[in-house]
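Here is the structure we will look at, set down as structure tokens.
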Amino acid sequence: MNAQIELIGADGFLFPVYQALPQGPVLGAVVVLQEIFGVNAHIRAVADGYAALGYLALAPSTFHRVKSGVEMGYAPEDISAGVALKALVEGLPAPGVLQDIQATINYAAQTSQGKVGVVGFCWGGLLTWRAACELRRIAAAVPYYGGGMTQPIEIARIPHCTVLAHFATHDQSIPMDGVTAFGQAHPEVELHLYDASHGFNCDHRGAYNAAAAALAAQRTKAFFQRLLS
């Protein structure tokens with residue numbers, strides 16, 4: 001059963017979360033962090049997919065502190081709007097949206113009575129990396145083509161959980177020299193490159209690459225099975 005719930009951040013801020021429940025035994029929980037397009041149909045489908053695997057899946061609205069009800073497509077005007085909203089969130093005083101992600105992780109752990117993994121895409125990939133380094137109660141983290149992850153300030157972070165990172169060799173927003181620097185600084189991170197472009201996992205986008213998406217999903221599934229069981 002899928003529904004929208006509300007959770008409360010450490011500062012008392014109330015924010016919406018899309019929740020997808022598994023039909024059988026709960027194997028743990030997965031927190032899904034959105035792209036710059038909001039908790040849209042694609043992100044809900046990703047959460048539904050993890051619920052189908054047996055995980056309690058939760059997708060918090062990481063835009064809610066600056067704008068409510070964001071759900072966009074992938075047209076140029078949506079990209080521009082998403083970039084602007086991301087900048088507003090990134091400009092919030094620390095800890096900003098990380099406290100909402102922590103509240104979601106706490107709820108996931110308490111409700112599932114199991115371990116929690118985090119997966120995120122694009123900006124959500126960056127937030128996943130920050131969560132792995134800054135937040136608590138995470139057993140595994142999987143950033144997909146995390147925009148900004150390869151900047152020196154992000155590379156300097158140290159993860160406190162096991163991390164699997166997916167990058168694309170034709171990603172125009174994440175240069176390969178940055179990916180190389182990230183990999184050299186973090187040999188503990190399981191890093192995979194795909195012959196694809198930014199956004200290759202999203203079947204709502206022109207950049208969708210079915211082969212790369214399937215391989216990354218297979219690796220992520222095995223990663224979570226190993227670390228959340």
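The chains in the structure tokens are called A, B, ... from first to last as shown; in each chain the residues are counted from 1, and the ligands are counted from 1 in the order shown.
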
- Item | Shell around Cys133 in chain A at 9 Å using only C-alpha atoms, local window under 2 positions removed, as a ChimeraX atom specification | /A:128-131,135-136,157-161

- Item | Within 6 Å of Phe200 in chain A using only C-alpha atoms, minus same-chain residues under 4 positions, as number ranges by chain | A: 207-209

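For Asp48 in chain A, the residues within 12 Å (counting only C-alpha atoms, excluding itself and residues fewer than 3 positions away along the chain) are Met1, Asn2, Ala3, Tyr18, Gln19, Ala20, Leu21, Pro22, Gln23, Val30, Val31, Val32, Ala41, His42, Ile43, Arg44, Ala45, Ala51, Ala52, Leu53, Gly54, Tyr55, Leu56, Ala57, Leu58 and Ala59 of chain A.
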
- For range 78-93 of chain A: contacts at 10 Å, only C-alpha atoms, fewer than 3 positions along chain excluded, given as a PyMOL selection string: chain A and resi 35-38+62-67+70-75+96-97+123

- Message: Just want the 8 Å neighbourhood of Ala139 in chain A, counted on only C-alpha atoms, with same-chain residues fewer than 5 positions away dropped. Output as a list of chain:residue names.
- Response: A:Lys115, A:Val116, A:Gly117, A:Cys161, A:Thr162, A:Leu227, A:Leu228

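Using only C-alpha atoms, the nearest neighbour of Gln218 in chain A within the list A:His166, A:Gly124, A:Arg137, A:Glu188 is A:His166.
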
- Message: Report as a PyMOL selection string all protein, DNA and RNA residues lying within 12 Å of Glu154 in chain A, evaluated on only C-alpha atoms, omitting residues in the same chain fewer than 5 positions from it.
- Response: chain A and resi 125-134+146-149+159+178-179+181-182+185-186

- Running DSSP on the backbone, which parts of chain A land in strand (DSSP E or B), as a PyMOL selection string? chain A and resi 2-8+14-20+28-33+38+55-60+71+116-121+140-144+162-168+190-194

- Task: Taking the chain letters and numbering used in this document, name the residues of range 160-224 of chain A that DSSP puts in helix (DSSP H, G or I), as a PyMOL selection string.
- Result: chain A and resi 176-185+210-224

- Between A:Gly24, A:Pro60, A:Gly49, A:Gly69, single out the one closest to Glu6 in chain A, counting only C-alpha atoms.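 Once distances to Glu6 in chain A are computed over only C-alpha atoms, the minimum belongs to A:Pro60.
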
- Message: Measuring between only C-alpha atoms, which one of A:Val163, A:Val46, A:Gly120, A:Ser229 shows the shortest distance to Gly28 in chain A?
- Response: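 For Gly28 in chain A, the nearest of the given residues is A:Ser229.
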
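Distances from A:Asn40, A:Ser197, A:Ser61, A:Gln34 to Leu14 in chain A were compared using only C-alpha atoms, and the smallest one belongs to A:Ser61.
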
- Task: May I ask for the distance between CA of Gln225 in chain A and CA of Gln99 in chain A, given in Å to one decimal place?
- Result: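 Pair CA of Gln225 in chain A / CA of Gln99 in chain A returns 26.4 Å.
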